[in-house]
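Coordinates as given in start_10.txt (compact mmCIF, C-alpha atoms):
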# COMPACT_ATOMS: atom_id res chain seq x y z
CA MET A 1497 0.00 0.00 0.00
CA VAL A 1498 1.18 3.55 -0.78
CA ARG A 1499 -0.66 6.54 0.67
CA ALA A 1500 -0.65 9.69 -1.49
CA LEU A 1501 -1.43 13.30 -0.59
CA ILE A 1502 -2.12 15.96 -3.23
CA LEU A 1503 -1.11 19.64 -3.16
CA GLY A 1504 -3.21 21.60 -5.65
CA GLN A 1505 -6.52 19.93 -6.53
CA GLY A 1506 -6.69 21.22 -10.08
CA PHE A 1507 -6.95 19.54 -13.49
CA VAL A 1508 -3.90 17.27 -13.18
CA ALA A 1509 -4.65 16.13 -9.64
CA SER A 1510 -8.30 15.49 -10.41
CA ILE A 1511 -7.56 13.41 -13.51
CA PHE A 1512 -4.92 11.51 -11.50
CA ALA A 1513 -7.45 10.73 -8.75
CA ILE A 1514 -10.19 9.74 -11.21
CA GLY A 1515 -7.84 7.59 -13.31
CA VAL A 1516 -6.40 5.69 -10.35
CA GLU A 1517 -9.85 4.88 -9.02
CA ARG A 1518 -11.10 3.82 -12.47
CA ILE A 1519 -8.10 1.48 -12.87
CA LYS A 1520 -8.92 -0.02 -9.48
CA ARG A 1521 -12.47 -0.65 -10.67
CA GLY A 1522 -11.24 -2.30 -13.89
CA GLU A 1523 -12.85 0.36 -16.08
CA ILE A 1524 -9.77 1.43 -18.03
CA ASP A 1525 -6.37 0.09 -19.06
CA CYS A 1526 -3.09 1.58 -17.82
CA TYR A 1527 -2.17 3.43 -21.03
CA GLY A 1528 -0.06 6.50 -20.30
CA VAL A 1529 1.57 4.92 -17.23
CA PRO A 1530 5.13 4.02 -18.35
CA LEU A 1531 5.75 1.24 -15.79
CA ALA A 1532 2.08 0.27 -15.61
CA ASN A 1533 2.06 -3.29 -14.25
CA GLU A 1534 5.80 -3.81 -13.75
CA LEU A 1535 6.43 -2.39 -10.29
CA PRO A 1536 6.06 -4.47 -7.12
CA ILE A 1537 3.65 -1.82 -5.82
CA LYS A 1538 0.51 -2.10 -7.94
CA ILE A 1539 -1.69 0.76 -9.07
CA GLU A 1540 -4.45 -0.83 -7.02
CA ASP A 1541 -2.24 -0.23 -3.94
CA ILE A 1542 -2.45 3.58 -4.29
CA GLU A 1543 -4.72 5.25 -1.75
CA ILE A 1544 -5.34 8.99 -1.90
CA VAL A 1545 -5.55 10.11 1.73
CA GLY A 1546 -5.51 13.91 1.52
CA SER A 1547 -5.78 16.96 -0.69
CA TYR A 1548 -4.95 20.66 -0.28
CA ASP A 1549 -5.89 23.74 -2.29
CA VAL A 1550 -6.14 27.51 -1.86
CA ASP A 1551 -9.08 28.17 -4.17
CA LYS A 1552 -11.78 29.32 -1.75
CA SER A 1553 -14.44 27.58 -3.86
CA LYS A 1554 -12.72 24.18 -3.38
CA ILE A 1555 -11.74 24.23 0.30
CA GLY A 1556 -14.05 22.03 2.36
CA LYS A 1557 -15.41 20.14 -0.64
CA THR A 1558 -14.52 16.56 -1.54
CA ILE A 1559 -12.36 15.54 -4.48
CA TYR A 1560 -15.54 13.96 -5.88
CA GLU A 1561 -17.27 17.36 -5.97
CA VAL A 1562 -14.29 19.28 -7.38
CA ALA A 1563 -13.48 16.65 -10.01
CA LYS A 1564 -16.78 17.46 -11.72
CA ASN A 1565 -15.13 20.68 -12.89
CA TYR A 1566 -12.64 18.66 -14.94
CA TRP A 1567 -14.40 15.46 -16.00
CA ASP A 1568 -17.77 14.96 -17.70
CA GLY A 1569 -17.94 11.23 -17.11
CA GLU A 1570 -18.87 9.26 -14.02
CA ILE A 1571 -16.77 10.13 -10.97
CA PRO A 1572 -15.79 7.22 -8.69
CA GLU A 1573 -17.73 7.35 -5.41
CA THR A 1574 -14.55 6.60 -3.42
CA LEU A 1575 -13.41 10.19 -4.02
CA LYS A 1576 -16.17 11.35 -1.68
CA ASN A 1577 -13.94 10.14 1.17
CA VAL A 1578 -11.29 12.87 0.74
CA THR A 1579 -12.06 16.45 1.78
CA ILE A 1580 -9.89 19.27 0.44
CA ARG A 1581 -8.09 21.21 3.15
CA LYS A 1582 -6.71 24.74 3.15
CA GLY A 1583 -3.11 25.03 1.95
CA ILE A 1584 -0.63 27.84 1.28
CA HIS A 1585 -0.71 30.19 -1.72
CA LEU A 1586 1.88 33.00 -1.18
CA ARG A 1587 0.64 34.94 -4.22
CA SER A 1588 0.73 31.86 -6.47
CA LEU A 1589 -2.74 32.63 -7.87
CA ARG A 1590 -2.20 36.33 -8.52
CA ASN A 1591 -3.64 37.53 -11.84
CA LEU A 1592 -5.89 34.48 -12.01
CA PRO A 1593 -9.70 34.68 -11.70
CA ILE A 1594 -9.57 32.72 -8.42
CA GLU A 1595 -10.18 33.93 -4.87
CA ALA A 1596 -7.24 32.55 -2.89
CA GLU A 1597 -7.36 31.72 0.79
CA GLY A 1598 -4.37 30.22 2.60
CA LEU A 1599 -3.12 29.31 6.04
CA GLU A 1600 -0.59 32.14 5.89
CA ASP A 1601 -3.48 34.63 5.80
CA GLU A 1602 -4.28 33.77 9.41
CA MET A 1603 -0.94 32.68 10.92
CA SER A 1604 2.83 32.88 10.45
CA LEU A 1605 4.61 30.58 8.00
CA LYS A 1606 6.23 28.70 10.89
CA GLU A 1607 2.78 28.09 12.42
CA ALA A 1608 1.39 27.07 9.02
CA VAL A 1609 4.20 24.55 8.59
CA GLU A 1610 3.56 23.15 12.07
CA LYS A 1611 -0.16 22.83 11.25
CA LEU A 1612 0.58 21.00 7.99
CA VAL A 1613 2.97 18.60 9.71
CA GLU A 1614 0.41 17.79 12.41
CA GLU A 1615 -2.31 17.20 9.81
CA TRP A 1616 0.00 15.00 7.74
CA LYS A 1617 0.87 12.94 10.81
CA GLU A 1618 -2.87 12.31 11.09
CA LEU A 1619 -3.30 11.50 7.38
CA LYS A 1620 -0.08 9.41 7.23
CA PRO A 1621 0.90 9.96 3.57
CA ASP A 1622 3.95 8.17 2.19
CA VAL A 1623 4.18 10.44 -0.86
CA ILE A 1624 3.25 14.13 -1.16
CA VAL A 1625 2.55 15.22 -4.74
CA ASN A 1626 2.90 18.89 -5.69
CA THR A 1627 0.77 19.90 -8.68
CA CYS A 1628 0.35 23.58 -7.75
CA THR A 1629 0.25 26.40 -10.30
CA THR A 1630 3.59 27.44 -11.83
CA GLU A 1631 5.28 30.06 -9.64
CA ALA A 1632 7.84 32.83 -10.00
CA PHE A 1633 10.64 31.79 -7.65
CA VAL A 1634 14.22 32.35 -6.51
CA PRO A 1635 16.17 29.26 -5.33
CA PHE A 1636 17.85 29.32 -1.94
CA GLY A 1637 21.12 27.47 -2.51
CA ASN A 1638 21.80 26.87 1.16
CA LYS A 1639 19.70 25.39 3.94
CA GLU A 1640 20.37 28.17 6.45
CA GLU A 1641 18.81 30.85 4.23
CA LEU A 1642 15.73 28.66 3.74
CA ILE A 1643 15.25 28.10 7.46
CA LYS A 1644 15.84 31.80 8.16
CA ALA A 1645 13.13 32.80 5.68
CA ILE A 1646 10.63 30.47 7.38
CA GLU A 1647 11.59 31.60 10.89
CA GLU A 1648 11.38 35.30 9.95
CA ASN A 1649 8.02 34.83 8.19
CA ASN A 1650 9.44 36.22 4.95
CA LYS A 1651 6.39 35.78 2.74
CA ASP A 1652 7.92 37.80 -0.09
CA ARG A 1653 10.94 35.48 -0.34
CA LEU A 1654 9.20 32.11 -0.29
CA THR A 1655 6.79 30.37 -2.65
CA ALA A 1656 4.08 27.88 -1.75
CA THR A 1657 6.11 24.97 -3.17
CA GLN A 1658 9.18 25.90 -1.16
CA VAL A 1659 7.13 26.02 2.06
CA TYR A 1660 5.42 22.72 1.24
CA ALA A 1661 8.79 21.04 0.56
CA TYR A 1662 10.15 22.37 3.85
CA ALA A 1663 7.08 21.03 5.68
CA ALA A 1664 7.50 17.68 3.91
CA ALA A 1665 11.08 17.44 5.23
CA LEU A 1666 9.95 18.10 8.81
CA TYR A 1667 7.14 15.57 8.40
CA ALA A 1668 9.55 12.95 7.03
CA LYS A 1669 11.84 13.47 10.00
CA GLU A 1670 8.92 12.94 12.39
CA VAL A 1671 7.64 9.73 10.78
CA GLY A 1672 10.90 8.16 9.57
CA GLY A 1673 10.63 8.75 5.84
CA ALA A 1674 8.45 10.28 3.12
CA ALA A 1675 8.67 11.44 -0.50
CA PHE A 1676 7.94 14.78 -2.19
CA VAL A 1677 7.15 14.81 -5.92
CA ASN A 1678 7.58 18.25 -7.50
CA THR A 1679 5.88 18.47 -10.90
CA ILE A 1680 6.27 22.25 -11.40
CA PRO A 1681 9.34 24.33 -12.40
CA THR A 1682 10.19 25.68 -8.90
CA LEU A 1683 13.62 24.28 -8.10
CA ILE A 1684 13.44 21.74 -5.28
CA ALA A 1685 15.41 18.71 -6.52
CA ASN A 1686 17.81 21.22 -8.13
CA ASP A 1687 18.17 23.43 -5.05
CA PRO A 1688 21.01 22.22 -2.77
CA ALA A 1689 19.19 23.74 0.21
CA PHE A 1690 16.30 21.29 -0.14
CA VAL A 1691 18.45 18.31 -1.12
CA GLU A 1692 20.65 18.78 1.95
CA LEU A 1693 17.60 19.16 4.18
CA ALA A 1694 16.01 16.08 2.59
CA LYS A 1695 19.05 13.92 3.32
CA GLU A 1696 19.05 15.04 6.95
CA CYS A 1697 15.31 14.44 7.37
CA ASP A 1698 14.80 11.16 5.47
CA LEU A 1699 12.90 12.79 2.61
CA VAL A 1700 13.00 11.62 -1.01
CA ILE A 1701 12.60 14.40 -3.61
CA PHE A 1702 11.60 13.80 -7.24
CA GLY A 1703 11.79 16.84 -9.54
CA ASP A 1704 11.68 19.26 -11.14
CA ASP A 1705 8.81 19.93 -13.58
CA GLY A 1706 7.07 16.89 -15.05
CA ALA A 1707 8.04 16.14 -18.66
CA THR A 1708 4.95 15.30 -20.66
CA GLY A 1709 4.28 16.58 -24.18
CA ALA A 1710 6.67 18.45 -26.43
CA THR A 1711 9.72 18.50 -24.15
CA PRO A 1712 10.54 14.76 -23.97
CA LEU A 1713 9.73 14.46 -27.69
CA THR A 1714 12.12 17.34 -28.45
CA ALA A 1715 14.80 15.64 -26.33
CA ASP A 1716 14.53 12.40 -28.28
CA VAL A 1717 14.49 14.11 -31.68
CA LEU A 1718 17.62 16.08 -30.71
CA ALA A 1719 19.27 12.85 -29.57
CA HIS A 1720 18.39 11.24 -32.90
CA LEU A 1721 20.09 14.09 -34.77
CA ALA A 1722 23.12 14.16 -32.45
CA GLN A 1723 23.68 10.40 -32.79
CA ARG A 1724 23.81 10.81 -36.57
CA ASN A 1725 26.20 13.78 -36.31
CA ARG A 1726 23.81 16.24 -37.87
CA TYR A 1727 24.34 19.85 -36.85
CA VAL A 1728 21.20 21.53 -35.54
CA LYS A 1729 21.05 25.12 -36.83
CA ASP A 1730 17.98 26.32 -34.94
CA ILE A 1731 14.95 25.12 -33.00
CA ALA A 1732 11.48 26.61 -32.56
CA GLN A 1733 9.06 24.91 -30.20
CA PHE A 1734 5.91 26.33 -28.71
CA ASN A 1735 2.84 25.29 -26.79
CA ILE A 1736 -0.56 26.99 -26.62
CA GLY A 1737 -3.26 25.82 -24.24
CA GLY A 1738 -6.47 26.91 -22.60
CA ASN A 1739 -6.27 25.56 -19.05
CA ASN A 1740 -5.45 27.49 -15.87
CA ASP A 1741 -1.76 26.62 -16.01
CA PHE A 1742 -1.44 28.27 -19.42
CA LEU A 1743 -3.41 31.24 -18.11
CA ALA A 1744 -0.95 31.49 -15.22
CA LEU A 1745 1.94 31.44 -17.69
CA THR A 1746 0.74 34.69 -19.23
CA ASP A 1747 2.50 36.21 -16.20
CA LYS A 1748 6.03 37.12 -17.35
CA GLU A 1749 7.85 35.86 -14.25
CA ARG A 1750 6.02 32.52 -14.20
CA ASN A 1751 6.74 32.08 -17.90
CA LYS A 1752 10.46 32.54 -17.25
CA SER A 1753 10.37 29.66 -14.77
CA LYS A 1754 8.80 27.34 -17.35
CA GLU A 1755 11.02 28.55 -20.19
CA TYR A 1756 14.16 27.69 -18.24
CA THR A 1757 13.16 24.07 -17.62
CA LYS A 1758 11.99 23.59 -21.21
CA SER A 1759 15.15 25.11 -22.73
CA SER A 1760 17.68 23.27 -20.57
CA ILE A 1761 17.57 20.20 -22.82
CA VAL A 1762 19.31 21.79 -25.84
CA LYS A 1763 22.92 22.06 -24.67
CA ASP A 1764 22.61 18.97 -22.44
CA ILE A 1765 21.77 16.70 -25.37
CA LEU A 1766 23.53 18.34 -28.33
CA GLY A 1767 26.72 19.24 -26.44
CA TYR A 1768 26.51 22.79 -27.83
CA ASP A 1769 23.97 25.58 -27.71
CA THR A 1770 22.14 26.65 -30.82
CA PRO A 1771 19.62 29.44 -31.49
CA HIS A 1772 16.33 28.26 -30.03
CA TYR A 1773 12.91 29.47 -29.00
CA ILE A 1774 11.41 26.92 -26.63
CA LYS A 1775 8.73 28.18 -24.32
CA PRO A 1776 5.03 28.12 -23.47
CA THR A 1777 3.84 30.87 -25.78
CA GLY A 1778 0.19 31.54 -25.23
CA TYR A 1779 -3.23 31.05 -23.74
CA LEU A 1780 -6.30 30.43 -25.89
CA GLU A 1781 -9.30 29.44 -23.81
CA PRO A 1782 -11.17 27.39 -26.47
CA LEU A 1783 -8.25 24.94 -26.62
CA GLY A 1784 -9.02 23.90 -23.05
CA ASP A 1785 -6.73 21.20 -21.68
CA LYS A 1786 -5.90 19.84 -25.17
CA LYS A 1787 -2.87 21.99 -25.94
CA PHE A 1788 -1.43 22.64 -29.39
CA ILE A 1789 2.28 21.93 -29.77
CA SER A 1790 4.55 22.61 -32.71
CA MET A 1791 8.25 22.28 -33.32
CA HIS A 1792 10.56 23.13 -36.20
CA MET A 1793 14.21 22.06 -36.43
CA GLU A 1794 16.64 22.96 -39.18
CA TYR A 1795 19.84 20.93 -39.42
CA ILE A 1796 22.86 20.28 -41.64
CA SER A 1797 23.37 16.79 -43.03
CA PHE A 1798 26.01 15.22 -45.31
CA ASN A 1799 27.61 17.39 -47.96
CA GLY A 1800 26.04 20.52 -46.49
CA ALA A 1801 22.46 19.50 -47.19
CA VAL A 1802 20.00 21.48 -45.04
CA ASP A 1803 17.00 19.47 -43.88
CA GLU A 1804 14.01 20.36 -41.71
CA LEU A 1805 11.68 18.60 -39.32
CA ILE A 1806 8.22 20.02 -38.65
CA ILE A 1807 6.07 18.31 -36.02
CA ASN A 1808 2.58 19.37 -34.92
CA GLY A 1809 0.32 17.81 -32.34
CA ARG A 1810 -2.66 18.18 -30.02
CA ILE A 1811 -2.03 16.68 -26.58
CA ASN A 1812 -4.34 16.41 -23.56
CA ASP A 1813 -2.09 18.22 -21.10
CA SER A 1814 -3.31 17.06 -17.71
CA PRO A 1815 -3.78 13.32 -18.44
CA ALA A 1816 -0.23 13.22 -19.84
CA LEU A 1817 1.17 14.31 -16.46
CA ALA A 1818 -1.40 12.43 -14.38
CA GLY A 1819 -0.26 9.14 -15.93
CA LEU A 1820 3.32 9.84 -14.86
CA LEU A 1821 2.14 10.52 -11.30
CA VAL A 1822 0.83 6.97 -11.09
CA ASP A 1823 4.43 5.80 -11.45
CA LEU A 1824 6.02 8.55 -9.38
CA VAL A 1825 3.85 7.85 -6.34
CA ARG A 1826 4.82 4.17 -6.40
CA LEU A 1827 8.48 4.93 -7.11
CA GLY A 1828 8.44 7.35 -4.18
CA LYS A 1829 7.47 4.55 -1.84
CA ILE A 1830 10.13 2.28 -3.36
CA ALA A 1831 12.78 5.00 -2.80
CA ILE A 1832 11.68 5.37 0.83
CA ASP A 1833 11.97 1.63 1.35
CA LYS A 1834 15.43 1.73 -0.26
CA LYS A 1835 16.34 4.70 2.00
CA GLU A 1836 17.56 6.74 -0.99
CA PHE A 1837 16.95 10.09 0.68
CA GLY A 1838 17.81 13.33 -1.07
CA THR A 1839 17.00 13.24 -4.76
CA VAL A 1840 17.11 10.32 -7.22
CA TYR A 1841 18.54 11.14 -10.65
CA PRO A 1842 17.56 7.87 -12.42
CA VAL A 1843 13.91 8.68 -11.68
CA ASN A 1844 14.18 12.40 -12.38
CA ALA A 1845 16.01 11.92 -15.70
CA PHE A 1846 13.03 10.11 -17.20
CA TYR A 1847 10.06 11.92 -15.68
CA MET A 1848 11.28 15.53 -15.31
CA LYS A 1849 12.13 18.43 -17.63
CA ASN A 1850 14.85 19.66 -15.28
CA PRO A 1851 16.14 16.54 -13.51
CA GLY A 1852 17.81 17.06 -10.14
CA PRO A 1853 20.27 17.21 -8.54
CA LYS A 1854 21.75 20.53 -9.70
CA ASP A 1855 24.08 20.36 -12.72
CA MET A 1856 22.92 16.88 -13.77
CA PRO A 1857 22.07 16.86 -17.48
CA ASN A 1858 19.02 16.01 -19.49
CA ILE A 1859 19.67 12.81 -21.42
CA PRO A 1860 17.72 11.11 -24.22
CA ARG A 1861 14.59 9.62 -22.72
CA THR A 1862 15.33 6.22 -24.27
CA ILE A 1863 18.55 6.07 -22.22
CA ALA A 1864 16.86 7.54 -19.15
CA TYR A 1865 14.17 4.86 -19.42
CA GLU A 1866 16.72 2.07 -19.17
CA LYS A 1867 18.48 3.75 -16.23
CA LEU A 1868 15.10 4.04 -14.52
CA ARG A 1869 14.34 0.37 -15.07
CA MET A 1870 17.69 -0.68 -13.64
CA TRP A 1871 17.19 1.53 -10.58
CA ALA A 1872 13.73 0.03 -10.02
CA GLY A 1873 15.11 -3.51 -10.30
CA LEU A 1874 13.36 -4.27 -13.61
CA LYS A 1875 14.80 -6.09 -16.60
CA PRO A 1876 16.25 -3.88 -19.35
CA ARG A 1877 13.83 -3.33 -22.21
CA TRP A 1878 16.14 -2.55 -25.11
CA LEU A 1879 19.71 -2.84 -23.82
I'd like the structure from this file rewritten - as structure tokens, please.
Amino acid sequence: MVRALILGQGFVASIFAIGVERIKRGEIDCYGVPLANELPIKIEDIEIVGSYDVDKSKIGKTIYEVAKNYWDGEIPETLKNVTIRKGIHLRSLRNLPIEAEGLEDEMSLKEAVEKLVEEWKELKPDVIVNTCTTEAFVPFGNKEELIKAIEENNKDRLTATQVYAYAAALYAKEVGGAAFVNTIPTLIANDPAFVELAKECDLVIFGDDGATGATPLTADVLAHLAQRNRYVKDIAQFNIGGNNDFLALTDKERNKSKEYTKSSIVKDILGYDTPHYIKPTGYLEPLGDKKFISMHMEYISFNGAVDELIINGRINDSPALAGLLVDLVRLGKIAIDKKEFGTVYPVNAFYMKNPGPKDMPNIPRTIAYEKLRMWAGLKPRWL
């Protein structure tokens, strides 16, 4: 059994919860879950024990009620058992048409962290999954500065994700081990402050920023060209979507956070930088959760021939990430059992756009997949 707790009960988290329960009921197959039936912990072993949000209209409701905002089909009755609690926002919903309400509005950050830890000790999650809205952030770099910001109630310095990760470390220390899965660009697995704290507190960190649609595809196309010694002249890749995450990315500072994690693959995989435009580029409400992606690559082949690749697609954004969470929750429990505290590169390299720890490179996902399988104790697939 693996007990999961959700931070941010939005589109991704709701589709994750619905999909897990539908798999348990035998209604759907495990498509979109990379290690579907291969791990010793089965999908049927996942139990969602808690959920947090800062949207005033969601707090106090059940996942069952909130999931109706994101899914037109039948919602599993089991999701009536989980009530959404009040979390921390720290300006994360600014410029969005959402009335935010957080613990920090009524108490200090230190008190909010203590409240979260006490609630989590009651809920007993093994894995805490962060699917909050993309934030503008500044990494800490050292543990002392992080602790100082919490102690001094510096609400302008911290983001919700950073406070949640800090609380997760204190919780892990209290209960003897836990995992924190960071699916947004805020640096946690790539911030030495959090990795050091995680090692001291028996916390596993997976991160940063879940790799779903265009980014892992771009990585593998670049690897294909690099392996054939073709010189990439330029890259254009963009995404347009109509969900709340794309709306949030219309904020310049949030967009910078996402752009960094999406662009980091170029030099890592090619071994050189090349002119590129890789970023989330727009919000168009009618697209909804089914984002439009497009990429164009121009490269030099034998005898100076210049070739081009043009790839277009429509991808359901939230289900793509939700399927990865089904693995990451189970892998989190495996990492706890293996006592691999800190961050775990073989997991991050496959599932994340910006795999921690700091300065570790993006690698072709086909190679990352085999490294992941070896770490998880599974037979190689293609080696």
Within 7 Å of stretch 1589-1603 of chain A, counting only C-alpha atoms, which residues qualify if same-chain residues fewer than 2 places away don't, as a short mmCIF file (atom, residue, chain, number, x, y, z; two decimals) with C-alpha atoms, in the frame of the given file?
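Generated file (around23.cif):
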data_model
loop_
_atom_site.label_atom_id
_atom_site.label_comp_id
_atom_site.auth_asym_id
_atom_site.auth_seq_id
_atom_site.Cartn_x
_atom_site.Cartn_y
_atom_site.Cartn_z
CA VAL A 1550 -6.14 27.51 -1.86
CA ASP A 1551 -9.08 28.17 -4.17
CA LYS A 1552 -11.78 29.32 -1.75
CA LYS A 1582 -6.71 24.74 3.15
CA GLY A 1583 -3.11 25.03 1.95
CA ILE A 1584 -0.63 27.84 1.28
CA HIS A 1585 -0.71 30.19 -1.72
CA ARG A 1587 0.64 34.94 -4.22
CA LEU A 1605 4.61 30.58 8.00
CA GLU A 1607 2.78 28.09 12.42
CA ALA A 1608 1.39 27.07 9.02
CA ALA A 1744 -0.95 31.49 -15.22
#
Counting all atoms listed in the file, the residue of A:Glu1641, A:Glu1648, A:Asp1823, A:Asp1730 that sits nearest A:Glu1794:
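Of A:Glu1641, A:Glu1648, A:Asp1823, A:Asp1730, the one nearest A:Glu1794 is A:Asp1730, counting all atoms listed in the file.
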Suppose you want the space between atom CA of A:Val1613 and atom CA of A:Asp1541; what is it in Å?
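So the two atoms, atom CA of A:Val1613 and atom CA of A:Asp1541, lie 23.8 Å apart.
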Identify, on the basis of only C-alpha atoms, every residue whose closest approach to A:Gly1637 does not exceed 12 Å; exclude the query and any residue fewer than 6 positions from it along the same chain; express the result as JSON, numbers by chain.
{"A": [1643, 1683, 1684, 1685, 1686, 1687, 1688, 1689, 1690, 1691, 1692, 1693, 1853, 1854]}
Write out, as a PDB file, in the coordinates of the input, the residues just selected, with C-alpha atoms.
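Output (selection-v3.pdb):
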ATOM      1  CA  ILE A1643      15.250  28.100   7.460  1.00  0.00           C
ATOM      2  CA  LEU A1683      13.620  24.280  -8.100  1.00  0.00           C
ATOM      3  CA  ILE A1684      13.440  21.740  -5.280  1.00  0.00           C
ATOM      4  CA  ALA A1685      15.410  18.710  -6.520  1.00  0.00           C
ATOM      5  CA  ASN A1686      17.810  21.220  -8.130  1.00  0.00           C
ATOM      6  CA  ASP A1687      18.170  23.430  -5.050  1.00  0.00           C
ATOM      7  CA  PRO A1688      21.010  22.220  -2.770  1.00  0.00           C
ATOM      8  CA  ALA A1689      19.190  23.740   0.210  1.00  0.00           C
ATOM      9  CA  PHE A1690      16.300  21.290  -0.140  1.00  0.00           C
ATOM     10  CA  VAL A1691      18.450  18.310  -1.120  1.00  0.00           C
ATOM     11  CA  GLU A1692      20.650  18.780   1.950  1.00  0.00           C
ATOM     12  CA  LEU A1693      17.600  19.160   4.180  1.00  0.00           C
ATOM     13  CA  PRO A1853      20.270  17.210  -8.540  1.00  0.00           C
ATOM     14  CA  LYS A1854      21.750  20.530  -9.700  1.00  0.00           C
TER      15      LYS A1854
END
Shortest interatomic distance to A:Pro1681 - which of A:Pro1851, A:Ile1765, A:Pro1782, A:Asp1747, counting only C-alpha atoms
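Between A:Pro1851, A:Ile1765, A:Pro1782, A:Asp1747, the residue approaching A:Pro1681 most closely is A:Pro1851.
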Shell of 10 Å around A:Glu1836, all atoms listed in the file, local chain residues under 5 positions omitted, as a PDB file with C-alpha atoms, in the coordinates of the input:
ATOM      1  CA  GLY A1673      10.630   8.750   5.840  1.00  0.00           C
ATOM      2  CA  LYS A1695      19.050  13.920   3.320  1.00  0.00           C
ATOM      3  CA  ASP A1698      14.800  11.160   5.470  1.00  0.00           C
ATOM      4  CA  LEU A1699      12.900  12.790   2.610  1.00  0.00           C
ATOM      5  CA  VAL A1700      13.000  11.620  -1.010  1.00  0.00           C
ATOM      6  CA  ILE A1701      12.600  14.400  -3.610  1.00  0.00           C
ATOM      7  CA  GLY A1828       8.440   7.350  -4.180  1.00  0.00           C
ATOM      8  CA  ILE A1830      10.130   2.280  -3.360  1.00  0.00           C
ATOM      9  CA  ALA A1831      12.780   5.000  -2.800  1.00  0.00           C
TER      10      ALA A1831
END
Select, from A:Glu1640, A:Glu1615, A:Asp1785, A:Asp1803, the residue with the minimum atom-to-atom distance to A:Ile1511, counting only C-alpha atoms.
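Once distances to A:Ile1511 are computed over only C-alpha atoms, the minimum belongs to A:Asp1785.
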Please, what is the axis-aligned box for every listed atom of stretch 1864-1875 of chain A with 6 Å on each side, as centre and edge lengths in Å to one decimal, as JSON?
{"center_x": 15.9, "center_y": 0.7, "center_z": -14.7, "size_x": 17.1, "size_y": 25.6, "size_z": 21.4}
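Using only C-alpha atoms, the nearest neighbour of A:Asn1678 within the list A:Ala1513, A:Val1578, A:Ile1646, A:Leu1824 is A:Leu1824.
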Within 12 Å of (19.3, 11.1, -32.8), in the coordinates the file gives, what residues turn up when you count only C-alpha atoms, written out as a ChimeraX atom specification?
/A:1713-1728,1765-1766,1795,1859-1863
So, counting only C-alpha atoms, which residue among A:Asn1850, A:Asn1577, A:Thr1711, A:Asn1740 is closest to A:Ile1789?
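Once distances to A:Ile1789 are computed over only C-alpha atoms, the minimum belongs to A:Thr1711.
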Separation of atom CA of A:Ala1816 and atom CA of A:Cys1526, in Å?
12.2 Å
Please determine, counting all atoms listed in the file, which residue among A:Ile1832, A:Ala1509, A:Leu1535, A:Leu1827 has the shortest atom-to-atom distance to A:Lys1875.
A:Leu1535
Which distance in Å separates atom CA of A:Asp1622 and atom CA of A:Leu1821, to one decimal?
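Interatomic distance, atom CA of A:Asp1622 to atom CA of A:Leu1821: 13.8 Å.
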Using all atoms listed in the file, which protein or nucleic acid residues come within 10 Å of A:Tyr1779? Drop anything in the same chain fewer than 3 positions from it, and give the result as a list in words.
Asn1735, Ile1736, Gly1737, Gly1738, Asn1739, Asn1740, Asp1741, Phe1742, Leu1743, Ala1744, Leu1745, Thr1746, Pro1776, Pro1782, Leu1783, Gly1784 and Lys1787 of chain A
For A:Ser1588, work out the shell of residues within 9 Å, counting all atoms listed in the file and skipping chain neighbours fewer than 5 positions away, then give it as a list in words.
Ala1596, Cys1628, Thr1629, Thr1630, Glu1631, Ala1632, Thr1655, Ala1656 and Ala1744 of chain A
Go ahead and find all residues with at least one atom no further than 12 Å from (-1.5, 2.8, -19.9) in the file's coordinates, using only C-alpha atoms; report them as an mmCIF file with C-alpha atoms, keeping the file's coordinate frame.
data_model
loop_
_atom_site.group_PDB
_atom_site.id
_atom_site.type_symbol
_atom_site.label_atom_id
_atom_site.label_comp_id
_atom_site.auth_asym_id
_atom_site.auth_seq_id
_atom_site.Cartn_x
_atom_site.Cartn_y
_atom_site.Cartn_z
ATOM 1 C CA GLY A 1515 -7.840 7.590 -13.310
ATOM 2 C CA VAL A 1516 -6.400 5.690 -10.350
ATOM 3 C CA ILE A 1519 -8.100 1.480 -12.870
ATOM 4 C CA ILE A 1524 -9.770 1.430 -18.030
ATOM 5 C CA ASP A 1525 -6.370 0.090 -19.060
ATOM 6 C CA CYS A 1526 -3.090 1.580 -17.820
ATOM 7 C CA TYR A 1527 -2.170 3.430 -21.030
ATOM 8 C CA GLY A 1528 -0.060 6.500 -20.300
ATOM 9 C CA VAL A 1529 1.570 4.920 -17.230
ATOM 10 C CA PRO A 1530 5.130 4.020 -18.350
ATOM 11 C CA LEU A 1531 5.750 1.240 -15.790
ATOM 12 C CA ALA A 1532 2.080 0.270 -15.610
ATOM 13 C CA ASN A 1533 2.060 -3.290 -14.250
ATOM 14 C CA GLU A 1534 5.800 -3.810 -13.750
ATOM 15 C CA ILE A 1539 -1.690 0.760 -9.070
ATOM 16 C CA PRO A 1815 -3.780 13.320 -18.440
ATOM 17 C CA ALA A 1816 -0.230 13.220 -19.840
ATOM 18 C CA ALA A 1818 -1.400 12.430 -14.380
ATOM 19 C CA GLY A 1819 -0.260 9.140 -15.930
ATOM 20 C CA LEU A 1820 3.320 9.840 -14.860
ATOM 21 C CA VAL A 1822 0.830 6.970 -11.090
ATOM 22 C CA ASP A 1823 4.430 5.800 -11.450
#
